[in-house]
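Text of protein.tsv, listed as TSV, C-alpha atoms and all ligand atoms:
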chain	number	residue	atom	x	y	z
A	10	MET	CA	-60.84	-7.34	22.45
A	11	LYS	CA	-57.22	-6.86	23.42
A	12	ARG	CA	-55.04	-5.83	20.48
A	13	ARG	CA	-51.80	-7.73	20.12
A	14	THR	CA	-48.88	-5.34	19.98
A	15	VAL	CA	-45.56	-6.18	18.39
A	16	LYS	CA	-42.44	-4.66	19.86
A	17	PHE	CA	-40.10	-2.50	17.80
A	18	ARG	CA	-37.25	-4.94	18.53
A	19	THR	CA	-39.34	-7.89	17.26
A	20	TYR	CA	-39.79	-6.14	13.90
A	21	LEU	CA	-36.05	-5.69	13.52
A	22	LEU	CA	-35.31	-9.26	14.56
A	23	LEU	CA	-37.92	-10.61	12.16
A	24	ALA	CA	-36.38	-8.56	9.33
A	25	ASN	CA	-33.01	-10.05	10.27
A	26	ALA	CA	-34.44	-13.59	10.32
A	27	PHE	CA	-36.09	-13.10	6.91
A	28	SER	CA	-32.89	-11.89	5.26
A	29	LEU	CA	-31.04	-14.86	6.79
A	30	ALA	CA	-33.70	-17.29	5.53
A	31	ALA	CA	-33.54	-15.71	2.05
A	32	ILE	CA	-29.74	-16.19	1.84
A	33	LEU	CA	-30.06	-19.78	3.03
A	34	ALA	CA	-32.85	-20.41	0.48
A	35	VAL	CA	-30.66	-19.06	-2.35
A	36	LEU	CA	-27.76	-21.24	-1.19
A	37	PHE	CA	-30.03	-24.26	-1.04
A	38	TYR	CA	-31.38	-23.48	-4.51
A	39	CYS	CA	-27.84	-23.30	-5.90
A	40	TYR	CA	-26.90	-26.53	-4.16
A	41	SER	CA	-30.01	-28.43	-5.38
A	42	HIS	CA	-29.37	-27.25	-8.96
A	43	MET	CA	-25.78	-28.39	-8.75
A	44	LEU	CA	-24.45	-24.88	-8.85
A	45	LEU	CA	-22.73	-25.44	-5.52
A	46	LYS	CA	-20.80	-28.37	-4.22
A	47	ALA	CA	-21.92	-30.01	-0.96
A	48	SER	CA	-18.76	-28.80	0.84
A	49	ALA	CA	-19.18	-25.23	-0.41
A	50	PHE	CA	-22.87	-25.26	0.51
A	51	ALA	CA	-22.02	-26.50	4.04
A	52	TRP	CA	-19.32	-23.84	4.33
A	53	LEU	CA	-21.39	-20.97	3.08
A	54	GLY	CA	-24.48	-22.14	5.01
A	55	GLY	CA	-22.47	-22.36	8.25
A	56	ALA	CA	-20.91	-18.94	7.69
A	57	THR	CA	-24.34	-17.43	6.95
A	58	VAL	CA	-25.87	-18.93	10.11
A	59	ALA	CA	-22.88	-17.69	12.20
A	60	ALA	CA	-23.15	-14.20	10.67
A	61	GLY	CA	-26.92	-14.30	11.29
A	62	ALA	CA	-26.39	-15.21	14.95
A	63	LEU	CA	-23.90	-12.37	15.35
A	64	SER	CA	-26.21	-9.90	13.64
A	65	PHE	CA	-29.06	-11.13	15.90
A	66	LEU	CA	-26.94	-10.42	18.97
A	67	LEU	CA	-25.93	-6.97	17.69
A	68	HIS	CA	-29.56	-6.09	16.91
A	69	VAL	CA	-30.60	-6.99	20.44
A	70	MET	CA	-27.79	-4.89	21.91
A	71	LEU	CA	-28.31	-1.87	19.63
A	72	THR	CA	-32.07	-1.72	19.78
A	73	HIS	CA	-32.13	-1.73	23.58
A	74	PRO	CA	-31.13	1.98	24.04
A	75	LEU	CA	-33.50	2.99	21.22
A	76	GLU	CA	-36.33	1.19	22.91
A	77	ARG	CA	-35.51	2.89	26.18
A	78	ALA	CA	-35.44	6.33	24.50
A	79	ILE	CA	-38.86	5.70	22.96
A	80	ALA	CA	-40.21	4.36	26.25
A	81	ARG	CA	-38.99	7.49	28.07
A	82	ILE	CA	-40.86	9.75	25.63
A	83	GLY	CA	-43.94	7.54	26.06
A	84	GLU	CA	-43.74	7.79	29.85
A	85	ALA	CA	-43.23	11.58	29.70
A	86	SER	CA	-46.25	11.92	27.37
A	87	ALA	CA	-48.34	9.91	29.84
A	88	GLN	CA	-47.18	12.19	32.67
A	89	ILE	CA	-48.14	15.28	30.66
A	90	ALA	CA	-51.51	13.72	29.87
A	91	SER	CA	-52.09	13.13	33.58
A	92	GLY	CA	-51.40	16.79	34.34
A	93	SER	CA	-47.64	16.99	35.06
A	94	LEU	CA	-47.06	19.73	32.51
A	95	GLY	CA	-43.48	20.63	31.70
A	96	THR	CA	-42.15	17.03	32.06
A	97	GLU	CA	-38.92	16.66	30.07
A	98	VAL	CA	-36.85	13.72	28.80
A	99	PRO	CA	-33.02	13.42	28.80
A	100	ILE	CA	-31.34	14.21	25.47
A	101	VAL	CA	-29.36	11.01	24.78
A	102	GLY	CA	-28.84	8.43	22.02
A	103	PRO	CA	-28.39	8.76	18.25
A	104	ALA	CA	-28.88	12.11	16.45
A	105	GLU	CA	-32.50	11.47	15.38
A	106	PHE	CA	-33.47	10.53	18.93
A	107	ARG	CA	-31.71	13.55	20.41
A	108	LEU	CA	-33.60	15.77	17.97
A	109	LEU	CA	-36.87	14.06	18.87
A	110	ALA	CA	-36.14	14.53	22.60
A	111	GLU	CA	-35.25	18.21	22.08
A	112	GLN	CA	-38.45	18.84	20.14
A	113	PHE	CA	-40.47	16.94	22.72
A	114	ASN	CA	-38.99	19.08	25.52
A	115	ALA	CA	-39.65	22.31	23.60
A	116	MET	CA	-43.25	21.22	23.03
A	117	SER	CA	-43.65	20.32	26.71
A	118	ARG	CA	-42.27	23.71	27.83
A	119	GLN	CA	-44.55	25.58	25.42
A	120	LEU	CA	-47.55	23.62	26.59
A	121	LYS	CA	-46.76	24.51	30.20
A	122	GLU	CA	-46.29	28.18	29.37
A	123	SER	CA	-49.60	28.30	27.49
A	124	PHE	CA	-51.46	26.63	30.34
A	125	ASP	CA	-49.85	28.95	32.90
A	126	ARG	CA	-50.86	31.95	30.79
A	127	ILE	CA	-54.43	30.72	30.49
A	128	ALA	CA	-54.61	30.03	34.24
A	129	ARG	CA	-53.26	33.50	35.02
A	130	SER	CA	-55.66	35.27	32.71
A	131	GLU	CA	-58.58	33.18	34.01
A	132	ALA	CA	-57.69	34.18	37.57
A	133	ALA	CA	-57.34	37.84	36.56
A	134	ARG	CA	-60.67	37.72	34.73
A	135	GLY	CA	-62.39	36.20	37.77
A	136	GLU	CA	-60.91	38.88	40.01
A	137	LEU	CA	-61.94	41.61	37.57
A	138	VAL	CA	-65.54	40.39	37.43
A	139	ALA	CA	-65.70	40.14	41.25
A	140	ASN	CA	-64.30	43.67	41.63
A	141	VAL	CA	-66.61	45.15	39.01
A	142	ALA	CA	-69.61	43.48	40.63
A	143	HIS	CA	-68.55	44.85	44.01
A	144	ASP	CA	-68.00	48.37	42.69
A	145	LEU	CA	-71.32	48.40	40.87
A	146	ARG	CA	-73.31	47.17	43.84
A	147	THR	CA	-72.86	50.22	46.09
A	148	PRO	CA	-73.83	52.96	43.63
A	149	LEU	CA	-76.69	50.87	42.23
A	150	ALA	CA	-78.09	50.23	45.73
A	151	LEU	CA	-77.88	53.96	46.51
A	152	LEU	CA	-79.57	54.88	43.23
A	153	GLN	CA	-82.36	52.40	43.92
A	154	SER	CA	-82.99	53.39	47.54
A	155	HIS	CA	-82.87	57.16	46.87
A	156	SER	CA	-85.06	57.07	43.78
A	157	GLU	CA	-87.60	54.82	45.58
A	158	ALA	CA	-87.70	57.19	48.55
A	159	LEU	CA	-88.41	60.10	46.19
A	160	LEU	CA	-91.04	58.18	44.23
A	161	ASP	CA	-92.82	56.92	47.37
A	162	GLY	CA	-92.94	60.45	48.76
A	163	ILE	CA	-91.04	59.44	51.91
A	164	VAL	CA	-88.99	62.63	51.62
A	165	GLU	CA	-90.84	65.85	50.97
A	166	GLU	CA	-88.81	68.69	52.42
A	167	GLU	CA	-87.18	70.56	49.55
A	168	GLU	CA	-83.73	70.47	51.10
A	169	THR	CA	-83.85	66.70	51.66
A	170	VAL	CA	-85.18	66.12	48.14
A	171	ARG	CA	-82.26	68.14	46.79
A	172	SER	CA	-79.75	66.18	48.84
A	173	TYR	CA	-81.28	62.90	47.58
A	174	LEU	CA	-81.06	64.14	44.00
A	175	ASN	CA	-77.46	65.15	44.63
A	176	VAL	CA	-76.63	61.62	45.78
A	177	ILE	CA	-78.29	60.24	42.65
A	178	ARG	CA	-76.27	62.58	40.44
A	179	LYS	CA	-72.98	61.82	42.24
A	180	GLU	CA	-73.50	58.05	41.99
A	181	THR	CA	-74.52	58.29	38.33
A	182	VAL	CA	-71.32	60.21	37.55
A	183	ARG	CA	-69.31	57.60	39.45
A	184	LEU	CA	-70.93	54.78	37.52
A	185	GLY	CA	-70.23	56.59	34.25
A	186	GLU	CA	-66.56	57.01	35.20
A	187	LEU	CA	-66.24	53.38	36.22
A	188	VAL	CA	-67.73	52.20	32.93
A	189	LYS	CA	-65.42	54.53	30.99
A	190	ASP	CA	-62.34	53.31	32.89
A	191	LEU	CA	-63.28	49.68	32.33
A	192	PHE	CA	-63.90	50.30	28.67
A	193	ASP	CA	-60.53	52.03	28.28
A	194	LEU	CA	-58.70	49.24	30.11
A	195	SER	CA	-60.30	46.52	28.04
A	196	ARG	CA	-59.40	48.37	24.84
A	197	LEU	CA	-55.82	48.74	26.05
A	198	ASP	CA	-55.68	45.03	26.97
A	199	ALA	CA	-57.04	43.99	23.62
A	200	GLY	CA	-54.48	46.23	21.89
A	201	ALA	CA	-57.39	47.61	19.86
A	202	GLU	CA	-56.08	51.18	19.84
A	203	SER	CA	-53.59	52.02	17.15
A	204	PHE	CA	-50.61	53.94	18.47
A	205	GLU	CA	-49.76	56.89	16.27
A	206	ALA	CA	-47.29	58.99	18.18
A	207	ARG	CA	-46.81	62.63	17.22
A	208	ALA	CA	-44.70	65.47	18.54
A	209	VAL	CA	-46.64	67.03	21.44
A	210	PRO	CA	-45.57	70.10	23.47
A	211	LEU	CA	-45.60	68.82	27.06
A	212	GLU	CA	-46.28	72.26	28.50
A	213	ASP	CA	-49.61	72.43	26.63
A	214	VAL	CA	-50.68	69.08	28.07
A	215	LEU	CA	-49.84	70.19	31.62
A	216	VAL	CA	-51.47	73.61	31.33
A	217	ASP	CA	-54.64	72.33	29.60
A	218	THR	CA	-55.07	69.63	32.24
A	219	LEU	CA	-54.63	72.18	35.04
A	220	ASN	CA	-57.34	74.30	33.42
A	221	ALA	CA	-59.66	71.32	33.23
A	222	TYR	CA	-59.17	70.72	36.98
A	223	ARG	CA	-59.36	74.42	37.95
A	224	LEU	CA	-62.63	74.06	39.87
A	225	LYS	CA	-61.38	71.12	41.94
A	226	LEU	CA	-58.10	72.95	42.63
A	227	GLU	CA	-59.96	76.07	43.76
A	228	ASN	CA	-62.35	74.10	45.94
A	229	LYS	CA	-59.37	72.85	47.95
A	230	ARG	CA	-57.49	76.15	47.65
A	231	LEU	CA	-54.46	74.32	46.26
A	232	GLU	CA	-51.41	76.14	45.03
A	233	VAL	CA	-49.94	74.68	41.82
A	234	SER	CA	-46.62	75.36	40.15
A	235	VAL	CA	-45.05	73.99	36.98
A	236	GLN	CA	-41.26	73.78	36.63
A	237	LEU	CA	-40.05	73.25	33.08
A	238	PRO	CA	-36.56	73.23	31.58
A	239	GLU	CA	-35.63	76.41	29.73
A	240	ALA	CA	-36.35	74.77	26.41
A	241	SER	CA	-39.83	73.39	26.93
A	242	PRO	CA	-39.80	69.71	25.85
A	243	ILE	CA	-41.67	68.25	22.91
A	244	VAL	CA	-42.54	64.64	23.64
A	245	LEU	CA	-43.49	61.79	21.37
A	246	GLY	CA	-46.97	60.49	22.07
A	247	VAL	CA	-50.71	60.49	21.60
A	248	GLU	CA	-52.01	63.77	23.00
A	249	SER	CA	-55.30	62.44	24.41
A	250	GLU	CA	-53.42	59.63	26.19
A	251	LEU	CA	-50.84	62.03	27.62
A	252	ARG	CA	-53.71	64.18	28.96
A	253	ARG	CA	-55.20	61.08	30.54
A	254	ILE	CA	-51.94	60.16	32.32
A	255	VAL	CA	-51.43	63.70	33.58
A	256	GLY	CA	-55.14	64.04	34.50
A	257	ASN	CA	-55.22	60.79	36.49
A	258	LEU	CA	-52.14	61.79	38.50
A	259	LEU	CA	-53.45	65.30	39.06
A	260	ASP	CA	-56.87	64.01	40.13
A	261	ASN	CA	-55.21	61.78	42.74
A	262	GLY	CA	-52.89	64.60	43.82
A	263	ILE	CA	-55.86	66.91	44.40
A	264	ARG	CA	-57.84	64.26	46.24
A	265	HIS	CA	-55.01	63.34	48.57
A	266	SER	CA	-53.80	66.92	49.25
A	267	PRO	CA	-54.78	68.79	52.40
A	268	ILE	CA	-56.81	72.01	52.01
A	269	GLY	CA	-54.41	74.80	51.02
A	270	GLY	CA	-51.64	72.32	50.07
A	271	ARG	CA	-49.10	72.64	47.30
A	272	LEU	CA	-48.81	70.63	44.09
A	273	VAL	CA	-45.67	70.84	41.96
A	274	TRP	CA	-45.27	69.57	38.40
A	275	SER	CA	-41.67	69.38	37.30
A	276	VAL	CA	-40.11	68.20	34.07
A	277	GLU	CA	-36.44	67.26	33.78
A	278	PRO	CA	-34.33	65.73	31.03
A	279	GLU	CA	-33.76	61.99	31.45
A	280	GLY	CA	-30.68	61.14	29.44
A	281	GLU	CA	-30.46	62.33	25.84
A	282	THR	CA	-33.81	61.19	24.47
A	283	ALA	CA	-36.35	61.32	27.28
A	284	VAL	CA	-37.86	63.49	29.98
A	285	ALA	CA	-39.06	62.65	33.47
A	286	VAL	CA	-42.34	64.24	34.59
A	287	THR	CA	-42.97	64.46	38.33
A	288	LEU	CA	-45.99	65.48	40.39
A	289	ARG	CA	-45.29	66.20	44.06
A	290	ASP	CA	-48.08	66.57	46.59
A	291	GLU	CA	-48.30	67.21	50.32
A	292	GLY	CA	-50.85	64.49	50.98
A	293	GLU	CA	-50.83	61.69	53.54
A	294	GLY	CA	-48.22	59.72	51.55
A	295	ILE	CA	-48.21	56.04	50.70
A	296	PRO	CA	-46.86	53.30	53.01
A	297	GLU	CA	-43.95	51.40	51.48
A	298	ALA	CA	-45.88	48.12	51.35
A	299	GLU	CA	-48.50	49.69	49.08
A	300	ARG	CA	-46.24	51.51	46.62
A	301	GLU	CA	-46.11	48.64	44.10
A	302	ARG	CA	-49.71	47.57	44.59
A	303	ILE	CA	-51.35	50.93	43.90
A	304	PHE	CA	-50.64	50.42	40.18
A	305	GLU	CA	-52.68	47.19	40.18
A	306	ARG	CA	-56.24	47.22	38.93
A	307	PHE	CA	-58.84	47.93	41.58
A	308	TYR	CA	-56.24	48.40	44.28
A	309	ARG	CA	-57.31	51.06	46.74
A	310	SER	CA	-55.68	51.63	50.08
A	311	ASP	CA	-57.80	50.99	53.17
A	312	SER	CA	-57.88	54.70	53.98
A	313	ALA	CA	-59.11	55.49	50.45
A	314	ARG	CA	-61.87	52.89	50.86
A	315	ARG	CA	-62.89	54.27	54.24
A	316	ARG	CA	-63.25	57.77	52.87
A	317	ASP	CA	-65.48	56.35	50.13
A	318	GLU	CA	-64.27	58.86	47.59
A	319	GLY	CA	-62.34	58.59	44.39
A	320	GLY	CA	-62.66	56.01	41.68
A	321	ALA	CA	-62.58	52.26	41.68
A	322	GLY	CA	-58.81	51.98	41.85
A	323	LEU	CA	-58.30	51.98	38.08
A	324	GLY	CA	-56.74	55.43	37.58
A	325	LEU	CA	-53.11	54.41	38.18
A	326	ALA	CA	-53.53	51.09	36.34
A	327	ILE	CA	-54.67	53.04	33.27
A	328	ALA	CA	-51.83	55.56	33.68
A	329	LYS	CA	-49.29	52.73	33.94
A	330	SER	CA	-50.66	51.00	30.87
A	331	LEU	CA	-50.60	54.25	28.86
A	332	VAL	CA	-47.07	55.17	29.98
A	333	GLY	CA	-45.98	51.65	28.96
A	334	ARG	CA	-47.54	52.19	25.52
A	335	HIS	CA	-45.40	55.32	25.20
A	336	GLY	CA	-42.27	53.34	26.01
A	337	GLY	CA	-41.85	54.92	29.46
A	338	THR	CA	-41.95	53.82	33.08
A	339	ILE	CA	-43.94	55.09	36.05
A	340	GLY	CA	-43.25	54.87	39.76
A	341	VAL	CA	-43.80	56.57	43.08
A	342	ALA	CA	-41.66	57.77	45.95
A	343	SER	CA	-43.29	58.83	49.18
A	344	ARG	CA	-42.75	59.85	52.78
A	345	PRO	CA	-45.81	58.86	54.77
A	346	GLY	CA	-47.20	61.93	56.50
A	347	GLU	CA	-45.32	64.32	54.20
A	348	GLY	CA	-46.46	63.59	50.66
A	349	SER	CA	-45.92	61.58	47.50
A	350	GLU	CA	-44.04	62.03	44.25
A	351	PHE	CA	-45.32	60.30	41.13
A	352	ARG	CA	-42.79	60.18	38.31
A	353	PHE	CA	-43.06	58.94	34.74
A	354	THR	CA	-40.83	59.13	31.68
A	355	LEU	CA	-41.61	59.97	28.06
A	356	ARG	CA	-39.51	59.96	24.93
A	357	THR	CA	-38.77	63.30	23.39
A	358	ALA	CA	-39.51	63.90	19.72
A	359	SER	CA	-36.20	63.96	17.80
A	360	GLY	CA	-34.44	63.38	21.09
A	361	LYS	CA	-34.04	67.12	21.67
A	362	ALA	CA	-35.86	69.83	23.58
A	363	ARG	CA	-37.75	72.68	21.84
A	401	LIG	P1	-58.45	55.54	43.00
A	401	LIG	O1	-57.88	56.91	43.04
A	401	LIG	O2	-59.68	55.40	42.22
A	401	LIG	O3	-58.56	54.88	44.35
A	401	LIG	P2	-55.99	54.93	41.69
A	401	LIG	O4	-55.59	53.76	40.86
A	401	LIG	O5	-55.90	56.26	41.06
A	401	LIG	O6	-57.45	54.63	42.18
A	401	LIG	O7	-55.14	54.92	43.01
A	401	LIG	C1	-55.00	53.71	43.75
A	401	LIG	C2	-54.64	54.00	45.19
A	401	LIG	O8	-53.37	54.65	45.25
A	401	LIG	C3	-55.57	54.96	45.87
A	401	LIG	O9	-56.66	54.28	46.43
A	401	LIG	C4	-54.70	55.54	46.97
A	401	LIG	O10	-54.68	54.68	48.06
A	401	LIG	C5	-53.31	55.53	46.36
A	401	LIG	N1	-52.91	56.86	45.85
A	401	LIG	C6	-52.95	57.28	44.57
A	401	LIG	N2	-52.47	58.53	44.47
A	401	LIG	C7	-52.14	58.92	45.70
A	401	LIG	C8	-51.58	60.13	46.25
A	401	LIG	N3	-51.27	61.19	45.50
A	401	LIG	N4	-51.35	60.17	47.59
A	401	LIG	C9	-51.63	59.10	48.37
A	401	LIG	N5	-52.16	57.94	47.91
A	401	LIG	C10	-52.40	57.84	46.59
Kindly transcribe the structure held in the file into structure tokens.
Amino acid sequence: MKRRTVKFRTYLLLANAFSLAAILAVLFYCYSHMLLKASAFAWLGGATVAAGALSFLLHVMLTHPLERAIARIGEASAQIASGSLGTEVPIVGPAEFRLLAEQFNAMSRQLKESFDRIARSEAARGELVANVAHDLRTPLALLQSHSEALLDGIVEEEETVRSYLNVIRKETVRLGELVKDLFDLSRLDAGAESFEARAVPLEDVLVDTLNAYRLKLENKRLEVSVQLPEASPIVLGVESELRRIVGNLLDNGIRHSPIGGRLVWSVEPEGETAVAVTLRDEGEGIPEAERERIFERFYRSDSARRRDEGGAGLGLAIAKSLVGRHGGTIGVASRPGEGSEFRFTLRTASGKAR
């Protein structure tokens, strides 16, 4: 059943008609009870009807813009409902209607922002799942094929068995690292880690990390030097996270360096309250088009993919996220064919060096 709707203007006009009828009824009552003379009744009645007609006309004229303002909000709501998020209405008319239009526009903008955010995070989540699935597939397939070959007795020679076991170990380590990286990233995204910054001697972080990577450095016969300001800086941060940033950059530096290459850590003051930490390598360098992208999750250059070494492309994303948590920035400069220079900033404790 179709519901009958009464227009806003009709309500106002009816109210006007009722008040007019009430005045006329009172006049008639006075006249019929001899409280008013016929001439006075005619006079007052005529004046009331004339005033009523004028008021009727004014109502029609004044309610028109109000009706239009309401209709505009109705149309914009319908557009939003049909998917045109962010639709806005002009801010015109009396104060209450301007306020309503402003609030409507703010609501519409917020709705659009929320939907955009959801769409972005949905897309990122989809990409993350696809990348994780892809990065899990290769090591899992290798683990399956190599363990089956060993179990079925297809390989028997001791040397081949050892090489198969080596592949299994290498892939297991890789899987473990991937899972750890993903876990760390999801914790960082969720903001689950509390951030309790302390004063940390930067030199200790650099030296300890170099010690942890000693074997890898020796395997490639790399020469490493550390250049610190005279007063070795104390930075403000979480020590384990600082080690992770430095470790991720060093790991990449080692991997991309040629045998017998040089790696240089240098620390310089950055203004009054910060230091810039730089790692320079003599690797193949990074083409300009890739320099922004390498900090994205799962981004690996084609050459890195071809060599099939290294992680899943999460190391720099984690470093960037951690540097951001410390209130710093990270970036890279590079000359393809000559090397790269990764640089990040950290705040110094008390704004002064040691
Ligand atoms: P992964 O090392 O696991 O590939 P990262 O996030 O650490 O992931 O690095 C992303 C990409 O950045 C690497 O695949 C590589 O192409 C490039 N890259 C990182 N460090 C260097 C470096 N020192 N020299 C050249 N390329 C680098």
>> Show me which residues are within 7 Å of ligand LIG 401 (chain A) counting all atoms listed in the file, and format the list as number ranges by chain.
In response: A: 257-258, 261-262, 265, 290, 292-295, 303-304, 306-310, 312-314, 319-326, 348-349
Please provide as a JSON list (two decimals) with C-alpha atoms, in the coordinates of the input all residues within 10 Å of Leu187 in chain A, with the sequence filter that same-chain residues fewer than 2 positions apart are discarded (counting only C-alpha atoms).
[["chain", "number", "residue", "atom", "x", "y", "z"],
["A", 141, "VAL", "CA", -66.61, 45.15, 39.01],
["A", 144, "ASP", "CA", -68.00, 48.37, 42.69],
["A", 145, "LEU", "CA", -71.32, 48.40, 40.87],
["A", 181, "THR", "CA", -74.52, 58.29, 38.33],
["A", 182, "VAL", "CA", -71.32, 60.21, 37.55],
["A", 183, "ARG", "CA", -69.31, 57.60, 39.45],
["A", 184, "LEU", "CA", -70.93, 54.78, 37.52],
["A", 185, "GLY", "CA", -70.23, 56.59, 34.25],
["A", 189, "LYS", "CA", -65.42, 54.53, 30.99],
["A", 190, "ASP", "CA", -62.34, 53.31, 32.89],
["A", 191, "LEU", "CA", -63.28, 49.68, 32.33],
["A", 192, "PHE", "CA", -63.90, 50.30, 28.67],
["A", 193, "ASP", "CA", -60.53, 52.03, 28.28],
["A", 320, "GLY", "CA", -62.66, 56.01, 41.68],
["A", 321, "ALA", "CA", -62.58, 52.26, 41.68],
["A", 322, "GLY", "CA", -58.81, 51.98, 41.85],
["A", 323, "LEU", "CA", -58.30, 51.98, 38.08],
["A", 324, "GLY", "CA", -56.74, 55.43, 37.58]]
> Within 12 Å of (-82.0, 56.3, 48.1), only C-alpha atoms: residues as a VMD selection string?
Replying inline: chain A and resid 147 to 164 169 to 178 180
>> Using Å and a single decimal, report how far CA of Ile327 in chain A sits from CA of Arg146 in chain A.
In response: 22.2 Å
Please tabulate, as CSV, the residues of range 280-350 of chain A that come within 12 Å of range 205-229 of chain A, each with its closest pair of atoms and the distance in Å to one decimal, counting all atoms listed in the file and ordering rows by chain, then residue number upward.
residue,atom,partner,partner_atom,distance
A:Ala283,CA,A:Leu211,CA,11.9
A:Val284,CA,A:Leu211,CA,9.8
A:Ala285,CA,A:Leu211,CA,11.0
A:Val286,CA,A:Leu211,CA,9.4
A:Thr287,CA,A:Leu215,CA,11.2
A:Leu288,CA,A:Leu215,CA,10.7
A:Arg334,CA,A:Ala206,CA,10.0
A:His335,CA,A:Ala206,CA,8.1
A:Gly336,CA,A:Ala206,CA,10.9
> Which residue out of A:Leu22, A:Met116, A:Ala328, A:Ala31 has the minimum interatomic distance to Leu194 in chain A when all atoms listed in the file are used?
Replying inline: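 Selected residue with least distance to Leu194 in chain A: A:Ala328.
Using all atoms listed in the file for every distance, the candidate list A:Ile243, A:Val69, A:Leu231, A:Leu120 yields A:Leu120 as the residue closest to Ala90 in chain A.
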>> List as an MDAnalysis selection string the protein and nucleic acid residues near Val341 in chain A, meaning an atom at most 9 Å away when all atoms listed in the file are counted, but skip any in the same chain fewer than 5 places from it.
In response: chainID A and resid 295 300:301 349:353
>> Between CA of Thr96 in chain A and CA of Arg126 in chain A, what is the distance in Å, rounded to a tenth?
In response: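 Computing it gives 17.3 Å between the two atoms.
Between CA of Gly256 in chain A and CA of Val273 in chain A there is a distance of 13.8 Å.
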With N, CA and C atoms as the atom set, please write range 107-121 of chain A from the structure just given, as a PDB file, in the first residue's frame.
ATOM      1  N   ARG A 107      22.430  25.871   7.224  1.00  0.00           N
ATOM      2  CA  ARG A 107      23.876  25.917   6.899  1.00  0.00           C
ATOM      3  C   ARG A 107      24.619  24.930   7.797  1.00  0.00           C
ATOM      4  N   LEU A 108      24.227  24.926   9.087  1.00  0.00           N
ATOM      5  CA  LEU A 108      24.876  24.009  10.030  1.00  0.00           C
ATOM      6  C   LEU A 108      24.615  22.558   9.626  1.00  0.00           C
ATOM      7  N   LEU A 109      23.360  22.297   9.252  1.00  0.00           N
ATOM      8  CA  LEU A 109      22.999  20.941   8.830  1.00  0.00           C
ATOM      9  C   LEU A 109      23.828  20.537   7.601  1.00  0.00           C
ATOM     10  N   ALA A 110      23.950  21.480   6.634  1.00  0.00           N
ATOM     11  CA  ALA A 110      24.714  21.178   5.412  1.00  0.00           C
ATOM     12  C   ALA A 110      26.186  20.937   5.735  1.00  0.00           C
ATOM     13  N   GLU A 111      26.734  21.769   6.654  1.00  0.00           N
ATOM     14  CA  GLU A 111      28.151  21.588   7.033  1.00  0.00           C
ATOM     15  C   GLU A 111      28.359  20.229   7.677  1.00  0.00           C
ATOM     16  N   GLN A 112      27.446  19.859   8.582  1.00  0.00           N
ATOM     17  CA  GLN A 112      27.597  18.563   9.262  1.00  0.00           C
ATOM     18  C   GLN A 112      27.407  17.411   8.286  1.00  0.00           C
ATOM     19  N   PHE A 113      26.497  17.605   7.345  1.00  0.00           N
ATOM     20  CA  PHE A 113      26.278  16.564   6.336  1.00  0.00           C
ATOM     21  C   PHE A 113      27.553  16.372   5.509  1.00  0.00           C
ATOM     22  N   ASN A 114      28.170  17.489   5.100  1.00  0.00           N
ATOM     23  CA  ASN A 114      29.387  17.403   4.285  1.00  0.00           C
ATOM     24  C   ASN A 114      30.528  16.750   5.060  1.00  0.00           C
ATOM     25  N   ALA A 115      30.644  17.110   6.357  1.00  0.00           N
ATOM     26  CA  ALA A 115      31.710  16.506   7.179  1.00  0.00           C
ATOM     27  C   ALA A 115      31.488  15.000   7.284  1.00  0.00           C
ATOM     28  N   MET A 116      30.217  14.617   7.481  1.00  0.00           N
ATOM     29  CA  MET A 116      29.905  13.185   7.585  1.00  0.00           C
ATOM     30  C   MET A 116      30.237  12.464   6.275  1.00  0.00           C
ATOM     31  N   SER A 117      29.888  13.115   5.159  1.00  0.00           N
ATOM     32  CA  SER A 117      30.128  12.507   3.848  1.00  0.00           C
ATOM     33  C   SER A 117      31.630  12.328   3.605  1.00  0.00           C
ATOM     34  N   ARG A 118      32.414  13.356   3.988  1.00  0.00           N
ATOM     35  CA  ARG A 118      33.876  13.263   3.794  1.00  0.00           C
ATOM     36  C   ARG A 118      34.452  12.138   4.645  1.00  0.00           C
ATOM     37  N   GLN A 119      33.973  12.056   5.895  1.00  0.00           N
ATOM     38  CA  GLN A 119      34.500  11.023   6.809  1.00  0.00           C
ATOM     39  C   GLN A 119      34.168   9.623   6.313  1.00  0.00           C
ATOM     40  N   LEU A 120      32.958   9.512   5.788  1.00  0.00           N
ATOM     41  CA  LEU A 120      32.515   8.217   5.253  1.00  0.00           C
ATOM     42  C   LEU A 120      33.430   7.801   4.104  1.00  0.00           C
ATOM     43  N   LYS A 121      33.738   8.777   3.240  1.00  0.00           N
ATOM     44  CA  LYS A 121      34.592   8.466   2.080  1.00  0.00           C
ATOM     45  C   LYS A 121      35.991   8.058   2.538  1.00  0.00           C
TER      46      LYS A 121
END
